[in-house]
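Notes to accompany the following structure.
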Amino acid sequence: MDQKIALITGANRGIGYEAAKQLVALGYKVIIAARNNAAREKVAAIGADFLQLDVTSETSIQQAALTVIDKYPQLDVLVNNAGVCDDDNKSVFQLTKKIFNRSFDTNFFGPLMLTQALVPALQKSKDARIINVSSDMACLTTGTYNSSAAYRLSKTALNSLTQLFSHELPPHIKINSMSPGWVKTDMGGEAAPRTVEQGAETIVWLSTVENIPTGKFWKDKQEIGW
Ligand SMILES: NC(=O)c1ccc[n+]([C@@H]2O[C@H](COP(=O)([O-])OP(=O)(O)OC[C@H]3O[C@@H](n4cnc5c(N)ncnc54)[C@H](OP(=O)(O)O)[C@@H]3O)[C@@H](O)[C@H]2O)c1
């Protein structure tokens, strides 16, 4: 059987790196897309490929997509994992447009532009998956209150993007959002109750499970409300 190929953005550390390790262990060819060249050694250490990618740069996205289309026979999994949360505890009244721009550039426009650019590679897979790494803080029913407003709104917009794409992508490309929960990483901090293994579990499950639906929001391998 042909080896499946997965690309994970921002996978040089944190949840993305753990998901990469787990997919390598399951026999996937994993492409770690990171903006920092210093990650190359760490990437090679787990037997993954390195791809230079800054998700906030359209030029970098176009270049990375050309490399993927040129170098690999197809793309089976795209995990839009790269993210920033730099508006800690700020209410919507305290945020500048600069902070909103930074959150949206990375957490929303990055996945949007990269997904558009990689559809030709995903089209070549028989059963392709796109996983948008979202957050509990995106939930309209439970999560959208006043702290980290730019982060919350960017992830809520990402969830809407998941739904929009699900209606426009061909049936063999499934797209879903997921929340890893509160995870001990540079972003989540030391107080977080979840390990990176727990944070990556649903990403790996959505990447590998048979017959996944499209256009849904997941946590702990269960569908959750938007
Ligand atoms: N940790 C949590 O509690 C938690 C909860 C809910 C959702 N999430 C989501 O889970 C995902 C992973 O977060 P994490 O906790 O693993 O955070 P993390 O340890 O801070 O890792 C974030 C990753 O994103 C990368 N990144 C940021 N901006 C980028 C850009 N412009 N281009 C390419 N890569 C970029 C970082 O690369 P550099 O090393 O170059 O900075 C890093 O590899 C994020 O989408 C986050 O919003 C996390």
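So you can find residues: chains in the structure tokens are A, B, ... in the order shown, residues in each start at 1, and ligands are numbered from 1 in order.
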
Discussion item. Using only C-alpha atoms and all ligand atoms, which residues of the polymer chains come no farther than 6 Å from ligand 1? I'd like the answer as number ranges by chain.
Written reply: A: 9-16, 34-36, 53-56, 81-84, 106, 133-135, 179-188

Let me see the file: selected residues, C-alpha atoms, as a PDB file, in the first residue's frame.
```pdb
ATOM      1  CA  THR A   9       2.179  23.365  10.335  1.00  0.00           C
ATOM      2  CA  GLY A  10       3.985  24.771  13.370  1.00  0.00           C
ATOM      3  CA  ALA A  11       5.080  21.263  14.256  1.00  0.00           C
ATOM      4  CA  ASN A  12       8.574  22.093  15.504  1.00  0.00           C
ATOM      5  CA  ARG A  13       7.272  22.066  19.092  1.00  0.00           C
ATOM      6  CA  GLY A  14       4.196  21.566  21.243  1.00  0.00           C
ATOM      7  CA  ILE A  15       1.087  19.704  20.097  1.00  0.00           C
ATOM      8  CA  GLY A  16       2.140  19.697  16.438  1.00  0.00           C
ATOM      9  CA  ALA A  34       8.024  25.336  10.360  1.00  0.00           C
ATOM     10  CA  ARG A  35       9.211  28.872   9.904  1.00  0.00           C
ATOM     11  CA  ASN A  36      12.432  28.317  11.832  1.00  0.00           C
ATOM     12  CA  LEU A  53       6.819  27.741   6.019  1.00  0.00           C
ATOM     13  CA  ASP A  54       5.696  30.950   7.642  1.00  0.00           C
ATOM     14  CA  VAL A  55       1.895  30.767   7.560  1.00  0.00           C
ATOM     15  CA  THR A  56       1.588  34.563   7.706  1.00  0.00           C
ATOM     16  CA  ASN A  81      -1.802  23.618  13.725  1.00  0.00           C
ATOM     17  CA  ALA A  82       0.436  26.721  13.803  1.00  0.00           C
ATOM     18  CA  GLY A  83      -1.057  29.275  16.150  1.00  0.00           C
ATOM     19  CA  VAL A  84      -0.390  32.271  18.352  1.00  0.00           C
ATOM     20  CA  THR A 106      -1.660  33.252  11.883  1.00  0.00           C
ATOM     21  CA  VAL A 133      -6.614  22.994  15.274  1.00  0.00           C
ATOM     22  CA  SER A 134      -9.112  25.224  17.036  1.00  0.00           C
ATOM     23  CA  SER A 135      -9.895  25.716  20.715  1.00  0.00           C
ATOM     24  CA  SER A 179      -9.982  21.364  20.211  1.00  0.00           C
ATOM     25  CA  PRO A 180      -6.999  19.833  22.020  1.00  0.00           C
ATOM     26  CA  GLY A 181      -8.204  21.121  25.398  1.00  0.00           C
ATOM     27  CA  TRP A 182      -5.869  23.044  27.696  1.00  0.00           C
ATOM     28  CA  VAL A 183      -2.433  21.551  27.066  1.00  0.00           C
ATOM     29  CA  LYS A 184       0.953  21.988  28.746  1.00  0.00           C
ATOM     30  CA  THR A 185       2.989  23.681  25.983  1.00  0.00           C
ATOM     31  CA  ASP A 186       4.704  27.036  25.549  1.00  0.00           C
ATOM     32  CA  MET A 187       1.248  28.410  24.722  1.00  0.00           C
ATOM     33  CA  GLY A 188      -0.764  26.517  27.336  1.00  0.00           C
TER      34      GLY A 188
END
```

Discussion item. What's around Arg129 (chain A) at 6 Å? Count only C-alpha atoms, leave out sequence neighbours fewer than 6 positions away in its own chain, and write the answer as JSON, numbers by chain.
Written reply: {"A": [77, 173, 174, 175]}

Fill in: Within 12 Å of Asp2 (chain A) using only C-alpha atoms, minus same-chain residues under 6 positions, as a ChimeraX atom specification
/A:27-29,72-76,125-126

How about saving the chosen residues, N, CA and C atoms kept, as an mmCIF file, in the first residue's frame?
```cif
data_model
loop_
_atom_site.group_PDB
_atom_site.id
_atom_site.type_symbol
_atom_site.label_atom_id
_atom_site.label_comp_id
_atom_site.auth_asym_id
_atom_site.auth_seq_id
_atom_site.Cartn_x
_atom_site.Cartn_y
_atom_site.Cartn_z
ATOM 1 N N GLY A 27 3.496 5.040 10.615
ATOM 2 C CA GLY A 27 3.955 4.727 9.259
ATOM 3 C C GLY A 27 3.719 5.830 8.237
ATOM 4 N N TYR A 28 3.256 6.997 8.675
ATOM 5 C CA TYR A 28 3.040 8.111 7.747
ATOM 6 C C TYR A 28 4.367 8.776 7.407
ATOM 7 N N LYS A 29 4.494 9.277 6.202
ATOM 8 C CA LYS A 29 5.561 10.225 5.858
ATOM 9 C C LYS A 29 5.068 11.576 6.347
ATOM 10 N N TYR A 72 6.141 15.410 -3.670
ATOM 11 C CA TYR A 72 5.380 14.270 -3.127
ATOM 12 C C TYR A 72 4.276 13.868 -4.102
ATOM 13 N N PRO A 73 3.957 12.550 -4.142
ATOM 14 C CA PRO A 73 2.940 12.106 -5.105
ATOM 15 C C PRO A 73 1.538 12.634 -4.798
ATOM 16 N N GLN A 74 1.254 12.821 -3.507
ATOM 17 C CA GLN A 74 -0.055 13.335 -3.094
ATOM 18 C C GLN A 74 0.071 13.819 -1.667
ATOM 19 N N LEU A 75 -0.960 14.510 -1.186
ATOM 20 C CA LEU A 75 -1.007 14.870 0.237
ATOM 21 C C LEU A 75 -2.294 14.276 0.810
ATOM 22 N N ASP A 76 -2.154 13.474 1.873
ATOM 23 C CA ASP A 76 -3.322 12.819 2.465
ATOM 24 C C ASP A 76 -3.870 13.560 3.689
ATOM 25 N N SER A 125 -5.076 12.584 -3.365
ATOM 26 C CA SER A 125 -5.292 11.523 -2.381
ATOM 27 C C SER A 125 -6.671 10.903 -2.605
ATOM 28 N N LYS A 126 -6.804 9.614 -2.272
ATOM 29 C CA LYS A 126 -8.122 8.973 -2.404
ATOM 30 C C LYS A 126 -9.016 9.334 -1.221
#
```

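Excluding region 92-94 of chain A and any residue on its chain fewer than 5 positions from it, the residues at most 9 Å away by only C-alpha atoms are A:Asn146, A:Ser147, A:Ser148, A:Ala149, A:Ala150.
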
Practice prompt. Return the single residue from A:Thr202, A:Ser91, A:Gln123, A:Asn80 that is closest to Glu223 (chain A), with distances computed using only C-alpha atoms.
Written response: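 Closest to Glu223 (chain A) of all the choices is A:Thr202.
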
DSSP alpha helix (DSSP H) residues within chain A, as a PDB file with C-alpha atoms, in the first residue's frame:
```
ATOM      1  CA  GLY A  14       4.196  21.566  21.243  1.00  0.00           C
ATOM      2  CA  ILE A  15       1.087  19.704  20.097  1.00  0.00           C
ATOM      3  CA  GLY A  16       2.140  19.697  16.438  1.00  0.00           C
ATOM      4  CA  TYR A  17       5.477  18.017  17.153  1.00  0.00           C
ATOM      5  CA  GLU A  18       3.747  15.347  19.234  1.00  0.00           C
ATOM      6  CA  ALA A  19       1.187  14.705  16.467  1.00  0.00           C
ATOM      7  CA  ALA A  20       4.086  14.416  14.008  1.00  0.00           C
ATOM      8  CA  LYS A  21       5.833  11.843  16.194  1.00  0.00           C
ATOM      9  CA  GLN A  22       2.634   9.786  16.526  1.00  0.00           C
ATOM     10  CA  LEU A  23       1.932   9.828  12.773  1.00  0.00           C
ATOM     11  CA  VAL A  24       5.542   8.828  12.003  1.00  0.00           C
ATOM     12  CA  ALA A  25       5.100   5.908  14.425  1.00  0.00           C
ATOM     13  CA  ARG A  40      15.710  20.846  11.028  1.00  0.00           C
ATOM     14  CA  GLU A  41      17.710  18.707  13.468  1.00  0.00           C
ATOM     15  CA  LYS A  42      14.677  18.003  15.665  1.00  0.00           C
ATOM     16  CA  VAL A  43      12.665  17.079  12.571  1.00  0.00           C
ATOM     17  CA  ALA A  44      15.342  14.712  11.254  1.00  0.00           C
ATOM     18  CA  ALA A  45      15.563  13.071  14.696  1.00  0.00           C
ATOM     19  CA  GLU A  58       1.622  34.432   1.147  1.00  0.00           C
ATOM     20  CA  THR A  59       4.948  34.066  -0.657  1.00  0.00           C
ATOM     21  CA  SER A  60       6.091  31.418   1.804  1.00  0.00           C
ATOM     22  CA  ILE A  61       2.745  29.563   1.455  1.00  0.00           C
ATOM     23  CA  GLN A  62       2.939  29.569  -2.362  1.00  0.00           C
ATOM     24  CA  GLN A  63       6.565  28.389  -2.282  1.00  0.00           C
ATOM     25  CA  ALA A  64       5.787  25.628   0.220  1.00  0.00           C
ATOM     26  CA  ALA A  65       2.787  24.434  -1.824  1.00  0.00           C
ATOM     27  CA  LEU A  66       4.891  24.272  -5.003  1.00  0.00           C
ATOM     28  CA  THR A  67       7.493  22.212  -3.136  1.00  0.00           C
ATOM     29  CA  VAL A  68       4.853  19.783  -1.852  1.00  0.00           C
ATOM     30  CA  ILE A  69       3.213  19.400  -5.277  1.00  0.00           C
ATOM     31  CA  ASP A  70       6.620  18.889  -6.908  1.00  0.00           C
ATOM     32  CA  LYS A  71       8.200  16.560  -4.331  1.00  0.00           C
ATOM     33  CA  LYS A  97      -5.831  46.348  15.494  1.00  0.00           C
ATOM     34  CA  LYS A  98      -2.202  45.206  15.418  1.00  0.00           C
ATOM     35  CA  ILE A  99      -2.960  42.422  17.926  1.00  0.00           C
ATOM     36  CA  PHE A 100      -6.105  41.390  16.021  1.00  0.00           C
ATOM     37  CA  ASN A 101      -4.106  41.344  12.789  1.00  0.00           C
ATOM     38  CA  ARG A 102      -1.421  39.108  14.265  1.00  0.00           C
ATOM     39  CA  SER A 103      -3.944  36.617  15.633  1.00  0.00           C
ATOM     40  CA  PHE A 104      -5.986  36.543  12.443  1.00  0.00           C
ATOM     41  CA  GLY A 110      -2.763  31.073   7.467  1.00  0.00           C
ATOM     42  CA  PRO A 111      -5.083  28.028   7.349  1.00  0.00           C
ATOM     43  CA  LEU A 112      -7.260  29.711   4.690  1.00  0.00           C
ATOM     44  CA  MET A 113      -4.412  30.489   2.285  1.00  0.00           C
ATOM     45  CA  LEU A 114      -2.544  27.228   2.904  1.00  0.00           C
ATOM     46  CA  THR A 115      -5.664  25.104   2.385  1.00  0.00           C
ATOM     47  CA  GLN A 116      -6.388  26.897  -0.886  1.00  0.00           C
ATOM     48  CA  ALA A 117      -2.796  26.367  -2.032  1.00  0.00           C
ATOM     49  CA  LEU A 118      -2.655  22.676  -1.095  1.00  0.00           C
ATOM     50  CA  VAL A 119      -5.994  21.532  -2.547  1.00  0.00           C
ATOM     51  CA  PRO A 120      -4.259  20.372  -5.774  1.00  0.00           C
ATOM     52  CA  ALA A 121      -2.020  18.058  -3.695  1.00  0.00           C
ATOM     53  CA  LEU A 122      -4.977  16.883  -1.542  1.00  0.00           C
ATOM     54  CA  GLN A 123      -7.006  16.207  -4.701  1.00  0.00           C
ATOM     55  CA  ALA A 149     -10.552  38.290  22.576  1.00  0.00           C
ATOM     56  CA  ALA A 150      -8.389  38.302  19.440  1.00  0.00           C
ATOM     57  CA  TYR A 151      -7.435  34.644  19.916  1.00  0.00           C
ATOM     58  CA  ARG A 152     -11.051  33.594  20.580  1.00  0.00           C
ATOM     59  CA  LEU A 153     -12.406  35.457  17.563  1.00  0.00           C
ATOM     60  CA  SER A 154      -9.681  34.133  15.258  1.00  0.00           C
ATOM     61  CA  LYS A 155     -10.476  30.541  16.291  1.00  0.00           C
ATOM     62  CA  THR A 156     -14.251  31.123  15.958  1.00  0.00           C
ATOM     63  CA  ALA A 157     -13.565  32.401  12.445  1.00  0.00           C
ATOM     64  CA  LEU A 158     -11.422  29.316  11.796  1.00  0.00           C
ATOM     65  CA  ASN A 159     -14.372  27.122  12.800  1.00  0.00           C
ATOM     66  CA  SER A 160     -16.616  28.980  10.345  1.00  0.00           C
ATOM     67  CA  LEU A 161     -13.969  28.435   7.694  1.00  0.00           C
ATOM     68  CA  THR A 162     -14.112  24.695   8.405  1.00  0.00           C
ATOM     69  CA  GLN A 163     -17.852  24.757   7.718  1.00  0.00           C
ATOM     70  CA  LEU A 164     -17.502  26.849   4.560  1.00  0.00           C
ATOM     71  CA  PHE A 165     -14.793  24.639   3.102  1.00  0.00           C
ATOM     72  CA  SER A 166     -16.760  21.490   3.958  1.00  0.00           C
ATOM     73  CA  HIS A 167     -19.485  22.598   1.529  1.00  0.00           C
ATOM     74  CA  GLU A 168     -17.070  23.414  -1.285  1.00  0.00           C
ATOM     75  CA  VAL A 196       0.900  16.956  24.608  1.00  0.00           C
ATOM     76  CA  GLU A 197       0.024  13.283  24.063  1.00  0.00           C
ATOM     77  CA  GLN A 198      -3.592  14.030  25.108  1.00  0.00           C
ATOM     78  CA  GLY A 199      -3.592  17.225  23.020  1.00  0.00           C
ATOM     79  CA  ALA A 200      -2.448  15.393  19.894  1.00  0.00           C
ATOM     80  CA  GLU A 201      -4.716  12.358  20.293  1.00  0.00           C
ATOM     81  CA  THR A 202      -7.765  13.698  18.439  1.00  0.00           C
ATOM     82  CA  ILE A 203      -5.599  15.175  15.655  1.00  0.00           C
ATOM     83  CA  VAL A 204      -4.086  11.746  15.027  1.00  0.00           C
ATOM     84  CA  TRP A 205      -7.497  10.074  15.269  1.00  0.00           C
ATOM     85  CA  LEU A 206      -9.066  12.480  12.744  1.00  0.00           C
ATOM     86  CA  SER A 207      -6.066  11.882  10.464  1.00  0.00           C
ATOM     87  CA  THR A 208      -6.307   8.103  10.532  1.00  0.00           C
TER      88      THR A 208
END
```

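Counting only C-alpha atoms, the residue from A:Leu78, A:Leu51, A:Ala6, A:Ile224 that sits nearest to Asn132 (chain A) is A:Leu78.
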
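Between CA of Val79 (chain A) and CA of His172 (chain A) there is a distance of 16.2 Å.
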
Practice prompt. Name the residues of region 88-182 of chain A that come out as strand (DSSP E or B) in a backbone DSSP run; write them as JSON, numbers by chain.
Written response: {"A": [128, 129, 130, 131, 132, 133, 173, 174, 175, 176, 177, 178]}

Could you save the residues just selected, with N, CA and C atoms, as a PDB file, in the first residue's frame?
```pdb
ATOM      1  N   ALA A 128      -8.606  12.245   1.652  1.00  0.00           N
ATOM      2  CA  ALA A 128      -7.787  13.303   2.256  1.00  0.00           C
ATOM      3  C   ALA A 128      -8.471  13.911   3.483  1.00  0.00           C
ATOM      4  N   ARG A 129      -7.659  14.385   4.402  1.00  0.00           N
ATOM      5  CA  ARG A 129      -8.165  14.982   5.646  1.00  0.00           C
ATOM      6  C   ARG A 129      -7.519  16.351   5.854  1.00  0.00           C
ATOM      7  N   ILE A 130      -8.335  17.323   6.241  1.00  0.00           N
ATOM      8  CA  ILE A 130      -7.795  18.601   6.711  1.00  0.00           C
ATOM      9  C   ILE A 130      -8.278  18.774   8.140  1.00  0.00           C
ATOM     10  N   ILE A 131      -7.352  19.042   9.052  1.00  0.00           N
ATOM     11  CA  ILE A 131      -7.708  19.226  10.460  1.00  0.00           C
ATOM     12  C   ILE A 131      -7.289  20.622  10.888  1.00  0.00           C
ATOM     13  N   ASN A 132      -8.255  21.422  11.255  1.00  0.00           N
ATOM     14  CA  ASN A 132      -7.979  22.769  11.746  1.00  0.00           C
ATOM     15  C   ASN A 132      -7.933  22.731  13.271  1.00  0.00           C
ATOM     16  N   VAL A 133      -6.759  23.050  13.819  1.00  0.00           N
ATOM     17  CA  VAL A 133      -6.614  22.994  15.274  1.00  0.00           C
ATOM     18  C   VAL A 133      -7.201  24.277  15.862  1.00  0.00           C
ATOM     19  N   ILE A 173     -12.308  14.914   0.235  1.00  0.00           N
ATOM     20  CA  ILE A 173     -11.463  15.716   1.127  1.00  0.00           C
ATOM     21  C   ILE A 173     -12.322  16.154   2.318  1.00  0.00           C
ATOM     22  N   LYS A 174     -12.083  15.530   3.461  1.00  0.00           N
ATOM     23  CA  LYS A 174     -12.868  15.836   4.667  1.00  0.00           C
ATOM     24  C   LYS A 174     -12.138  16.901   5.485  1.00  0.00           C
ATOM     25  N   ILE A 175     -12.889  17.889   5.959  1.00  0.00           N
ATOM     26  CA  ILE A 175     -12.292  18.954   6.763  1.00  0.00           C
ATOM     27  C   ILE A 175     -13.017  19.066   8.095  1.00  0.00           C
ATOM     28  N   ASN A 176     -12.273  19.112   9.182  1.00  0.00           N
ATOM     29  CA  ASN A 176     -12.860  19.204  10.516  1.00  0.00           C
ATOM     30  C   ASN A 176     -12.033  20.125  11.403  1.00  0.00           C
ATOM     31  N   SER A 177     -12.717  20.732  12.380  1.00  0.00           N
ATOM     32  CA  SER A 177     -12.042  21.463  13.448  1.00  0.00           C
ATOM     33  C   SER A 177     -11.931  20.562  14.660  1.00  0.00           C
ATOM     34  N   MET A 178     -10.923  20.811  15.480  1.00  0.00           N
ATOM     35  CA  MET A 178     -10.823  20.084  16.750  1.00  0.00           C
ATOM     36  C   MET A 178     -10.256  21.006  17.831  1.00  0.00           C
TER      37      MET A 178
END
```

Discussion item. Between CA of Phe50 (chain A) and CA of Ala33 (chain A), what is the distance in Å, rounded to a tenth?
Written reply: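 Computing the Euclidean distance for CA of Phe50 (chain A) and CA of Ala33 (chain A) yields 6.1 Å.
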
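For the pair CA of Asp87 (chain A) and CA of Thr195 (chain A), the interatomic distance is 22.9 Å.
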